[in-house]
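Chemist: Next comes structure-v6.cif, mmCIF, C-alpha atoms and all ligand atoms; chains and numbers go by the auth columns:
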```cif
data_start
loop_
_atom_site.group_PDB
_atom_site.id
_atom_site.type_symbol
_atom_site.label_atom_id
_atom_site.label_comp_id
_atom_site.label_asym_id
_atom_site.label_seq_id
_atom_site.Cartn_x
_atom_site.Cartn_y
_atom_site.Cartn_z
_atom_site.B_iso_or_equiv
_atom_site.auth_seq_id
_atom_site.auth_asym_id
ATOM 1 C CA MET A 1 0.000 0.000 0.000 0.00 1 A
ATOM 2 C CA ALA A 2 2.773 2.430 0.864 0.00 2 A
ATOM 3 C CA ASP A 3 4.214 1.811 -2.587 0.00 3 A
ATOM 4 C CA TYR A 4 1.130 3.018 -4.448 0.00 4 A
ATOM 5 C CA ASN A 5 2.149 6.331 -5.996 0.00 5 A
ATOM 6 C CA LYS A 6 -0.532 6.937 -8.650 0.00 6 A
ATOM 7 C CA PRO A 7 -3.360 9.446 -8.340 0.00 7 A
ATOM 8 C CA ILE A 8 -6.098 8.221 -5.985 0.00 8 A
ATOM 9 C CA PRO A 9 -9.721 9.354 -6.393 0.00 9 A
ATOM 10 C CA ILE A 10 -11.779 10.670 -3.485 0.00 10 A
ATOM 11 C CA PRO A 11 -14.991 8.597 -3.252 0.00 11 A
ATOM 12 C CA ASP A 12 -18.169 10.659 -3.536 0.00 12 A
ATOM 13 C CA PRO A 13 -21.092 9.163 -1.575 0.00 13 A
ATOM 14 C CA MET A 14 -23.597 10.904 -3.860 0.00 14 A
ATOM 15 C CA THR A 15 -22.467 9.209 -7.062 0.00 15 A
ATOM 16 C CA ASN A 16 -19.897 6.452 -6.617 0.00 16 A
ATOM 17 C CA GLY A 17 -19.821 5.563 -2.910 0.00 17 A
ATOM 18 C CA PRO A 18 -21.099 1.980 -3.439 0.00 18 A
ATOM 19 C CA TYR A 19 -18.543 1.483 -6.214 0.00 19 A
ATOM 20 C CA TRP A 20 -15.612 2.359 -3.943 0.00 20 A
ATOM 21 C CA ALA A 21 -17.089 0.496 -0.955 0.00 21 A
ATOM 22 C CA GLY A 22 -17.247 -2.598 -3.162 0.00 22 A
ATOM 23 C CA ALA A 23 -13.742 -1.983 -4.443 0.00 23 A
ATOM 24 C CA LYS A 24 -12.466 -1.999 -0.875 0.00 24 A
ATOM 25 C CA GLU A 25 -13.862 -5.549 -0.632 0.00 25 A
ATOM 26 C CA ARG A 26 -12.452 -6.418 -4.072 0.00 26 A
ATOM 27 C CA LYS A 27 -15.936 -6.551 -5.586 0.00 27 A
ATOM 28 C CA LEU A 28 -16.918 -4.776 -8.773 0.00 28 A
ATOM 29 C CA MET A 29 -20.183 -2.972 -8.040 0.00 29 A
ATOM 30 C CA LEU A 30 -22.084 -1.468 -10.961 0.00 30 A
ATOM 31 C CA PRO A 31 -25.027 0.894 -11.037 0.00 31 A
ATOM 32 C CA ARG A 32 -28.066 -0.626 -12.763 0.00 32 A
ATOM 33 C CA CYS A 33 -31.157 1.247 -13.814 0.00 33 A
ATOM 34 C CA THR A 34 -34.334 -0.352 -12.492 0.00 34 A
ATOM 35 C CA ALA A 35 -36.331 1.169 -15.383 0.00 35 A
ATOM 36 C CA CYS A 36 -34.374 -0.192 -18.366 0.00 36 A
ATOM 37 C CA ASN A 37 -32.360 -2.824 -16.435 0.00 37 A
ATOM 38 C CA LYS A 38 -29.026 -1.780 -18.028 0.00 38 A
ATOM 39 C CA VAL A 39 -25.799 -1.290 -16.083 0.00 39 A
ATOM 40 C CA HIS A 40 -23.614 1.709 -16.784 0.00 40 A
ATOM 41 C CA PHE A 41 -20.110 2.850 -16.027 0.00 41 A
ATOM 42 C CA TYR A 42 -18.906 5.310 -14.788 0.00 42 A
ATOM 43 C CA PRO A 43 -21.408 5.677 -11.932 0.00 43 A
ATOM 44 C CA ARG A 44 -24.040 8.384 -12.407 0.00 44 A
ATOM 45 C CA ILE A 45 -27.232 9.247 -10.552 0.00 45 A
ATOM 46 C CA ILE A 46 -29.157 9.415 -13.831 0.00 46 A
ATOM 47 C CA CYS A 47 -29.288 6.454 -16.220 0.00 47 A
ATOM 48 C CA PRO A 48 -27.370 7.407 -19.405 0.00 48 A
ATOM 49 C CA ASN A 49 -29.533 4.975 -21.398 0.00 49 A
ATOM 50 C CA CYS A 50 -33.056 6.138 -20.539 0.00 50 A
ATOM 51 C CA GLY A 51 -32.705 9.173 -18.253 0.00 51 A
ATOM 52 C CA GLU A 52 -34.419 7.637 -15.232 0.00 52 A
ATOM 53 C CA ARG A 53 -33.100 8.283 -11.734 0.00 53 A
ATOM 54 C CA SER A 54 -33.873 4.852 -10.279 0.00 54 A
ATOM 55 C CA ILE A 55 -30.436 3.312 -9.783 0.00 55 A
ATOM 56 C CA GLU A 56 -29.636 0.166 -7.812 0.00 56 A
ATOM 57 C CA TRP A 57 -26.214 -1.401 -7.288 0.00 57 A
ATOM 58 C CA VAL A 58 -25.345 -4.931 -8.350 0.00 58 A
ATOM 59 C CA GLU A 59 -22.215 -7.007 -7.905 0.00 59 A
ATOM 60 C CA ALA A 60 -20.643 -7.792 -11.266 0.00 60 A
ATOM 61 C CA THR A 61 -18.602 -10.849 -12.203 0.00 61 A
ATOM 62 C CA GLY A 62 -15.441 -8.802 -12.587 0.00 62 A
ATOM 63 C CA GLU A 63 -14.996 -10.376 -15.997 0.00 63 A
ATOM 64 C CA GLY A 64 -15.125 -8.930 -19.463 0.00 64 A
ATOM 65 C CA TYR A 65 -13.605 -9.069 -22.917 0.00 65 A
ATOM 66 C CA LEU A 66 -10.856 -6.997 -24.491 0.00 66 A
ATOM 67 C CA HIS A 67 -12.540 -4.533 -26.852 0.00 67 A
ATOM 68 C CA THR A 68 -9.495 -2.551 -27.956 0.00 68 A
ATOM 69 C CA PHE A 69 -6.202 -1.255 -26.594 0.00 69 A
ATOM 70 C CA ALA A 70 -3.396 1.264 -27.011 0.00 70 A
ATOM 71 C CA VAL A 71 0.234 1.196 -25.957 0.00 71 A
ATOM 72 C CA GLN A 72 1.156 4.260 -23.938 0.00 72 A
ATOM 73 C CA HIS A 73 4.756 5.210 -24.602 0.00 73 A
ATOM 74 C CA ARG A 74 4.642 8.500 -22.708 0.00 74 A
ATOM 75 C CA ALA A 75 2.742 9.425 -19.583 0.00 75 A
ATOM 76 C CA MET A 76 2.705 12.098 -16.912 0.00 76 A
ATOM 77 C CA GLY A 77 3.421 12.049 -13.194 0.00 77 A
ATOM 78 C CA ALA A 78 3.864 8.695 -11.509 0.00 78 A
ATOM 79 C CA TRP A 79 2.634 6.920 -14.652 0.00 79 A
ATOM 80 C CA ALA A 80 5.747 8.055 -16.554 0.00 80 A
ATOM 81 C CA GLU A 81 7.857 5.392 -14.872 0.00 81 A
ATOM 82 C CA GLU A 82 5.406 2.690 -16.025 0.00 82 A
ATOM 83 C CA ALA A 83 5.719 3.492 -19.739 0.00 83 A
ATOM 84 C CA PRO A 84 5.380 1.672 -21.960 0.00 84 A
ATOM 85 C CA PHE A 85 2.114 0.228 -20.646 0.00 85 A
ATOM 86 C CA VAL A 86 -1.194 -0.802 -22.170 0.00 86 A
ATOM 87 C CA THR A 87 -4.551 0.916 -21.724 0.00 87 A
ATOM 88 C CA ALA A 88 -7.692 -0.825 -22.893 0.00 88 A
ATOM 89 C CA TYR A 89 -11.437 -0.824 -23.131 0.00 89 A
ATOM 90 C CA ILE A 90 -13.059 -3.899 -21.583 0.00 90 A
ATOM 91 C CA ASP A 91 -16.597 -4.956 -22.517 0.00 91 A
ATOM 92 C CA LEU A 92 -18.140 -6.012 -19.213 0.00 92 A
ATOM 93 C CA LYS A 93 -20.101 -9.275 -19.194 0.00 93 A
ATOM 94 C CA GLU A 94 -22.973 -7.307 -17.646 0.00 94 A
ATOM 95 C CA GLY A 95 -22.874 -4.628 -20.353 0.00 95 A
ATOM 96 C CA ASP A 96 -21.181 -1.260 -20.896 0.00 96 A
ATOM 97 C CA ARG A 97 -17.454 -0.762 -21.222 0.00 97 A
ATOM 98 C CA VAL A 98 -14.671 0.334 -18.870 0.00 98 A
ATOM 99 C CA PHE A 99 -11.356 2.037 -19.550 0.00 99 A
ATOM 100 C CA THR A 100 -8.383 0.606 -17.689 0.00 100 A
ATOM 101 C CA VAL A 101 -4.722 -0.183 -17.524 0.00 101 A
ATOM 102 C CA LEU A 102 -4.388 -3.738 -18.822 0.00 102 A
ATOM 103 C CA ARG A 103 -1.951 -6.141 -17.229 0.00 103 A
ATOM 104 C CA GLY A 104 -0.779 -9.540 -18.384 0.00 104 A
ATOM 105 C CA VAL A 105 0.220 -8.343 -21.863 0.00 105 A
ATOM 106 C CA ASP A 106 3.572 -7.270 -23.310 0.00 106 A
ATOM 107 C CA PRO A 107 3.469 -3.615 -24.434 0.00 107 A
ATOM 108 C CA THR A 108 6.482 -4.226 -26.691 0.00 108 A
ATOM 109 C CA LYS A 109 4.458 -6.767 -28.704 0.00 109 A
ATOM 110 C CA PRO A 110 1.215 -5.034 -29.743 0.00 110 A
ATOM 111 C CA GLU A 111 0.709 -7.572 -32.563 0.00 111 A
ATOM 112 C CA GLU A 112 0.342 -10.251 -29.875 0.00 112 A
ATOM 113 C CA ILE A 113 -2.174 -8.152 -27.928 0.00 113 A
ATOM 114 C CA PHE A 114 -4.134 -7.550 -31.147 0.00 114 A
ATOM 115 C CA LYS A 115 -4.631 -11.324 -31.475 0.00 115 A
ATOM 116 C CA LYS A 116 -6.233 -11.315 -28.013 0.00 116 A
ATOM 117 C CA ILE A 117 -9.022 -8.858 -28.826 0.00 117 A
ATOM 118 C CA GLY A 118 -12.221 -10.481 -27.608 0.00 118 A
ATOM 119 C CA GLY A 119 -10.284 -12.497 -25.018 0.00 119 A
ATOM 120 C CA LEU A 120 -11.273 -12.838 -21.391 0.00 120 A
ATOM 121 C CA CYS A 121 -10.044 -10.260 -18.859 0.00 121 A
ATOM 122 C CA ARG A 122 -10.528 -10.175 -15.114 0.00 122 A
ATOM 123 C CA ILE A 123 -10.479 -7.279 -12.685 0.00 123 A
ATOM 124 C CA GLU A 124 -7.900 -7.092 -9.919 0.00 124 A
ATOM 125 C CA TRP A 125 -7.382 -4.567 -7.178 0.00 125 A
ATOM 126 C CA ASP A 126 -4.381 -2.690 -5.808 0.00 126 A
ATOM 127 C CA GLU A 127 -4.621 -1.348 -2.276 0.00 127 A
ATOM 128 C CA ALA A 128 -3.941 2.366 -2.743 0.00 128 A
ATOM 129 C CA ASN A 129 -4.690 3.593 0.776 0.00 129 A
ATOM 130 C CA ASP A 130 -6.896 2.731 3.760 0.00 130 A
ATOM 131 C CA ALA A 131 -10.057 3.783 1.904 0.00 131 A
ATOM 132 C CA VAL A 132 -9.407 2.991 -1.750 0.00 132 A
ATOM 133 C CA ASN A 133 -8.540 -0.081 -3.788 0.00 133 A
ATOM 134 C CA MET A 134 -7.744 0.784 -7.402 0.00 134 A
ATOM 135 C CA PRO A 135 -9.087 -1.419 -10.206 0.00 135 A
ATOM 136 C CA TYR A 136 -6.919 -2.870 -12.959 0.00 136 A
ATOM 137 C CA TRP A 137 -7.734 -5.549 -15.473 0.00 137 A
ATOM 138 C CA ARG A 138 -5.627 -8.549 -16.439 0.00 138 A
ATOM 139 C CA MET A 139 -5.701 -10.461 -19.711 0.00 139 A
ATOM 140 C CA VAL A 140 -6.417 -14.091 -18.898 0.00 140 A
ATOM 141 C CA GLY A 141 -7.841 -15.402 -22.192 0.00 141 A
HETATM 142 ZN ZN ZN B . -32.293 3.263 -17.701 0.00 201 B
#
```
Starting from the file, give its structure as C-alpha cells.
Ligand SMILES: [Zn+2]
Modeler:
Amino acid sequence: MADYNKPIPIPDPMTNGPYWAGAKERKLMLPRCTACNKVHFYPRIICPNCGERSIEWVEATGEGYLHTFAVQHRAMGAWAEEAPFVTAYIDLKEGDRVFTVLRGVDPTKPEEIFKKIGGLCRIEWDEANDAVNMPYWRMVG
C-alpha cells in the first residue's frame, strides 16, 4: 500500500460511494437502472440509457472481454515510470465498457495483444490507501 504512488480518487457518496465500498472488498459494483435494467459505467445518478433516476447497485462478475487497446509510450506524473504500458477498453459481461490499464500483456508486442481482442479479462485490485482499492484488469484469455 505504501508503494502506491498513482493518483487516488476521493470517493463521492452521492455518485460512486457503493462502487468504492465494493472496491475496498475487491468486488466490482455497478449501477443498474431499475427502469431499463441496463448497467452503466462510470457511476451516475441518472441512467445514461433512458434518463431515469432509479439506480440500484449490483455485484458484477469482474470479468469482461478486451474490446481494444493502445500502448502508452509517454505518460505524466507517476505513470511516466510505467511506460510503456497498455490501456484498454473492456466490454463487461454485464454490459457497458470500462477504460483501464491492462496487465498480463507485453506492451512491446502489440501484434500479440491484437490477437487477443475479444479475449477474457478479469479485474484485480491494488490497495492504494486505507479507503481505496484501485481497479486494474488482467488479460487471462
Ligand atoms: Zn435506464
Chemist: Counting all atoms listed in the file, name the residues that have an atom within 8 Å of an atom of ligand ZN 201 (chain B); the answer should be given as a list in words.
Modeler: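 After applying the 8 Å limit, what remains is Arg32, Cys33, Thr34, Ala35, Cys36, Asn37, Lys38, Ile46, Cys47, Pro48, Asn49, Cys50, Gly51, Glu52, Arg53 and Ser54 of chain A.
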Chemist: Would you mind telling me which residue in A:Thr87, A:Gly141, A:Glu82, A:Gly22 lies nearest to A:Ala70 when using all atoms listed in the file?
Modeler: A:Thr87
Chemist: Please, what distance in Å, to one decimal, runs between atom CA of A:Arg97 and atom CA of A:Cys121?
Modeler: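 Separation of atom CA of A:Arg97 and atom CA of A:Cys121: 12.3 Å.
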Chemist: Here's the selection I'm unsure about, the PyMOL selection byres (((chain A and resi 6-19) around 9) and not hetatm); applied to the file above, which residues does it give, as a list in words?
Modeler: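 Checked against the file, the PyMOL selection byres (((chain A and resi 6-19) around 9) and not hetatm) matches Tyr4, Asn5, Trp20, Ala21, Gly22, Ala23, Lys24, Lys27, Leu28, Met29, Leu30, Pro31, Tyr42, Pro43, Arg44, Ile45, Trp57, Gly77, Ala78, Trp79, Ala128, Asn129, Ala131, Val132, Asn133 and Met134 of chain A.
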Chemist: Hey, what's within 9 Å of A:Gly95 if we count all atoms listed in the file and toss same-chain stuff fewer than 3 positions away? As a compact mmCIF listing (two decimals) with C-alpha atoms, in the coordinates of the input, please?
Modeler:
```
# COMPACT_ATOMS: atom_id res chain seq x y z
CA LYS A 38 -29.03 -1.78 -18.03
CA VAL A 39 -25.80 -1.29 -16.08
CA HIS A 40 -23.61 1.71 -16.78
CA GLY A 64 -15.12 -8.93 -19.46
CA ASP A 91 -16.60 -4.96 -22.52
CA LEU A 92 -18.14 -6.01 -19.21
```
Chemist: If the PyMOL selection byres (((chain A and resi 68) around 7) and not hetatm) were run on this exact file, what residues would it hold? Put them as JSON, numbers by chain.
Modeler: {"A": [66, 67, 69, 88, 89, 117]}
Chemist: When you count all atoms listed in the file, which of these residues is closest to A:Glu59: A:Arg26, A:Glu81, A:Thr108, A:Met76?
Modeler: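 Among the listed residues, A:Arg26 lies closest to A:Glu59.
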Chemist: List the residues selected by the PyMOL selection byres (((chain A and resi 73) around 8) and not hetatm) in the file shown, writing them as a list in words.
Modeler: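 This file gives the following for the PyMOL selection byres (((chain A and resi 73) around 8) and not hetatm): Val71, Gln72, Arg74, Ala75, Ala83, Pro84 and Phe85 of chain A.
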Chemist: Of the candidates A:Asp106, A:Glu25, A:Asp126, A:Glu63, which one gets nearest to A:Val140 if we count only C-alpha atoms?
Modeler: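 Distance minimum relative to A:Val140 lands on A:Glu63.
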Chemist: Please measure the separation of atom CA of A:Lys109 and atom CA of A:Ile123, giving the value in Å to one decimal.
Modeler: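 Atom CA of A:Ile123 lies 21.9 Å from atom CA of A:Lys109.
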Chemist: Go ahead and compute the interatomic distance for atom CA of A:Glu111 and atom CA of A:Glu94, in Å to one decimal.
Modeler: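 Separation between atom CA of A:Glu111 and atom CA of A:Glu94: 28.0 Å.
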Chemist: For A:Leu102, which of A:Val58, A:Trp125, A:Arg138, A:Gly118 is the closest residue, counting only C-alpha atoms?
Modeler: A:Arg138
Chemist: Using all atoms listed in the file, which of A:Ile90, A:Pro107, A:Ile55, A:Thr61 sits nearest A:Gly119?
Modeler: A:Ile90
Chemist: Check the smallest atom-to-atom distance from each of A:Lys115, A:Leu120, A:Gly62, A:Lys93 to A:Tyr136 using only C-alpha atoms, then report the winner.
Modeler: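 Using only C-alpha atoms, A:Tyr136 sits closest to A:Gly62.
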Chemist: Take stretch 89-115 of chain A, bring it up to N, CA and C atoms, and give me the output as a PDB file, in the coordinates of the input.
Modeler:
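result19.pdb, freshly written:
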```pdb
ATOM      1  N   TYR A  89     -10.014  -0.803 -23.420  1.00  0.00           N
ATOM      2  CA  TYR A  89     -11.437  -0.824 -23.131  1.00  0.00           C
ATOM      3  C   TYR A  89     -11.846  -2.283 -22.968  1.00  0.00           C
ATOM      4  N   ILE A  90     -12.573  -2.551 -21.879  1.00  0.00           N
ATOM      5  CA  ILE A  90     -13.059  -3.899 -21.583  1.00  0.00           C
ATOM      6  C   ILE A  90     -14.582  -3.877 -21.671  1.00  0.00           C
ATOM      7  N   ASP A  91     -15.138  -4.787 -22.458  1.00  0.00           N
ATOM      8  CA  ASP A  91     -16.597  -4.956 -22.517  1.00  0.00           C
ATOM      9  C   ASP A  91     -17.007  -5.847 -21.348  1.00  0.00           C
ATOM     10  N   LEU A  92     -17.710  -5.261 -20.388  1.00  0.00           N
ATOM     11  CA  LEU A  92     -18.140  -6.012 -19.213  1.00  0.00           C
ATOM     12  C   LEU A  92     -19.159  -7.080 -19.601  1.00  0.00           C
ATOM     13  N   LYS A  93     -19.112  -8.231 -18.926  1.00  0.00           N
ATOM     14  CA  LYS A  93     -20.101  -9.275 -19.194  1.00  0.00           C
ATOM     15  C   LYS A  93     -21.514  -8.766 -18.954  1.00  0.00           C
ATOM     16  N   GLU A  94     -21.658  -7.824 -18.010  1.00  0.00           N
ATOM     17  CA  GLU A  94     -22.973  -7.307 -17.646  1.00  0.00           C
ATOM     18  C   GLU A  94     -23.451  -6.210 -18.587  1.00  0.00           C
ATOM     19  N   GLY A  95     -22.538  -5.735 -19.464  1.00  0.00           N
ATOM     20  CA  GLY A  95     -22.874  -4.628 -20.353  1.00  0.00           C
ATOM     21  C   GLY A  95     -22.022  -3.418 -20.036  1.00  0.00           C
ATOM     22  N   ASP A  96     -22.006  -2.465 -20.920  1.00  0.00           N
ATOM     23  CA  ASP A  96     -21.181  -1.260 -20.896  1.00  0.00           C
ATOM     24  C   ASP A  96     -19.699  -1.619 -20.957  1.00  0.00           C
ATOM     25  N   ARG A  97     -18.866  -0.609 -20.900  1.00  0.00           N
ATOM     26  CA  ARG A  97     -17.454  -0.762 -21.222  1.00  0.00           C
ATOM     27  C   ARG A  97     -16.656   0.090 -20.247  1.00  0.00           C
ATOM     28  N   VAL A  98     -15.521  -0.426 -19.784  1.00  0.00           N
ATOM     29  CA  VAL A  98     -14.671   0.334 -18.870  1.00  0.00           C
ATOM     30  C   VAL A  98     -13.311   0.576 -19.511  1.00  0.00           C
ATOM     31  N   PHE A  99     -12.713   1.691 -19.119  1.00  0.00           N
ATOM     32  CA  PHE A  99     -11.356   2.037 -19.550  1.00  0.00           C
ATOM     33  C   PHE A  99     -10.413   1.684 -18.417  1.00  0.00           C
ATOM     34  N   THR A 100      -9.258   1.102 -18.738  1.00  0.00           N
ATOM     35  CA  THR A 100      -8.383   0.606 -17.689  1.00  0.00           C
ATOM     36  C   THR A 100      -6.942   0.517 -18.160  1.00  0.00           C
ATOM     37  N   VAL A 101      -6.061   0.294 -17.214  1.00  0.00           N
ATOM     38  CA  VAL A 101      -4.722  -0.183 -17.524  1.00  0.00           C
ATOM     39  C   VAL A 101      -4.805  -1.706 -17.552  1.00  0.00           C
ATOM     40  N   LEU A 102      -4.302  -2.291 -18.622  1.00  0.00           N
ATOM     41  CA  LEU A 102      -4.388  -3.738 -18.822  1.00  0.00           C
ATOM     42  C   LEU A 102      -3.053  -4.385 -18.479  1.00  0.00           C
ATOM     43  N   ARG A 103      -3.134  -5.385 -17.623  1.00  0.00           N
ATOM     44  CA  ARG A 103      -1.951  -6.141 -17.229  1.00  0.00           C
ATOM     45  C   ARG A 103      -1.977  -7.524 -17.883  1.00  0.00           C
ATOM     46  N   GLY A 104      -0.838  -8.186 -17.840  1.00  0.00           N
ATOM     47  CA  GLY A 104      -0.779  -9.540 -18.384  1.00  0.00           C
ATOM     48  C   GLY A 104      -0.551  -9.566 -19.887  1.00  0.00           C
ATOM     49  N   VAL A 105      -0.123  -8.426 -20.445  1.00  0.00           N
ATOM     50  CA  VAL A 105       0.220  -8.343 -21.863  1.00  0.00           C
ATOM     51  C   VAL A 105       1.565  -7.629 -21.986  1.00  0.00           C
ATOM     52  N   ASP A 106       2.258  -7.867 -23.094  1.00  0.00           N
ATOM     53  CA  ASP A 106       3.572  -7.270 -23.310  1.00  0.00           C
ATOM     54  C   ASP A 106       3.433  -6.037 -24.195  1.00  0.00           C
ATOM     55  N   PRO A 107       3.651  -4.831 -23.638  1.00  0.00           N
ATOM     56  CA  PRO A 107       3.469  -3.615 -24.434  1.00  0.00           C
ATOM     57  C   PRO A 107       4.465  -3.493 -25.588  1.00  0.00           C
ATOM     58  N   THR A 108       5.533  -4.287 -25.581  1.00  0.00           N
ATOM     59  CA  THR A 108       6.482  -4.226 -26.691  1.00  0.00           C
ATOM     60  C   THR A 108       6.051  -5.130 -27.844  1.00  0.00           C
ATOM     61  N   LYS A 109       4.946  -5.870 -27.645  1.00  0.00           N
ATOM     62  CA  LYS A 109       4.458  -6.767 -28.704  1.00  0.00           C
ATOM     63  C   LYS A 109       2.963  -6.529 -28.970  1.00  0.00           C
ATOM     64  N   PRO A 110       2.626  -5.336 -29.513  1.00  0.00           N
ATOM     65  CA  PRO A 110       1.215  -5.034 -29.743  1.00  0.00           C
ATOM     66  C   PRO A 110       0.547  -6.011 -30.700  1.00  0.00           C
ATOM     67  N   GLU A 111       1.308  -6.612 -31.617  1.00  0.00           N
ATOM     68  CA  GLU A 111       0.709  -7.572 -32.563  1.00  0.00           C
ATOM     69  C   GLU A 111       0.191  -8.800 -31.817  1.00  0.00           C
ATOM     70  N   GLU A 112       0.825  -9.125 -30.686  1.00  0.00           N
ATOM     71  CA  GLU A 112       0.342 -10.251 -29.875  1.00  0.00           C
ATOM     72  C   GLU A 112      -0.925  -9.861 -29.107  1.00  0.00           C
ATOM     73  N   ILE A 113      -0.972  -8.623 -28.632  1.00  0.00           N
ATOM     74  CA  ILE A 113      -2.174  -8.152 -27.928  1.00  0.00           C
ATOM     75  C   ILE A 113      -3.353  -8.100 -28.895  1.00  0.00           C
ATOM     76  N   PHE A 114      -3.073  -7.652 -30.128  1.00  0.00           N
ATOM     77  CA  PHE A 114      -4.134  -7.550 -31.147  1.00  0.00           C
ATOM     78  C   PHE A 114      -4.833  -8.891 -31.341  1.00  0.00           C
ATOM     79  N   LYS A 115      -4.060  -9.984 -31.295  1.00  0.00           N
ATOM     80  CA  LYS A 115      -4.631 -11.324 -31.475  1.00  0.00           C
ATOM     81  C   LYS A 115      -5.557 -11.704 -30.318  1.00  0.00           C
TER      82      LYS A 115
END
```
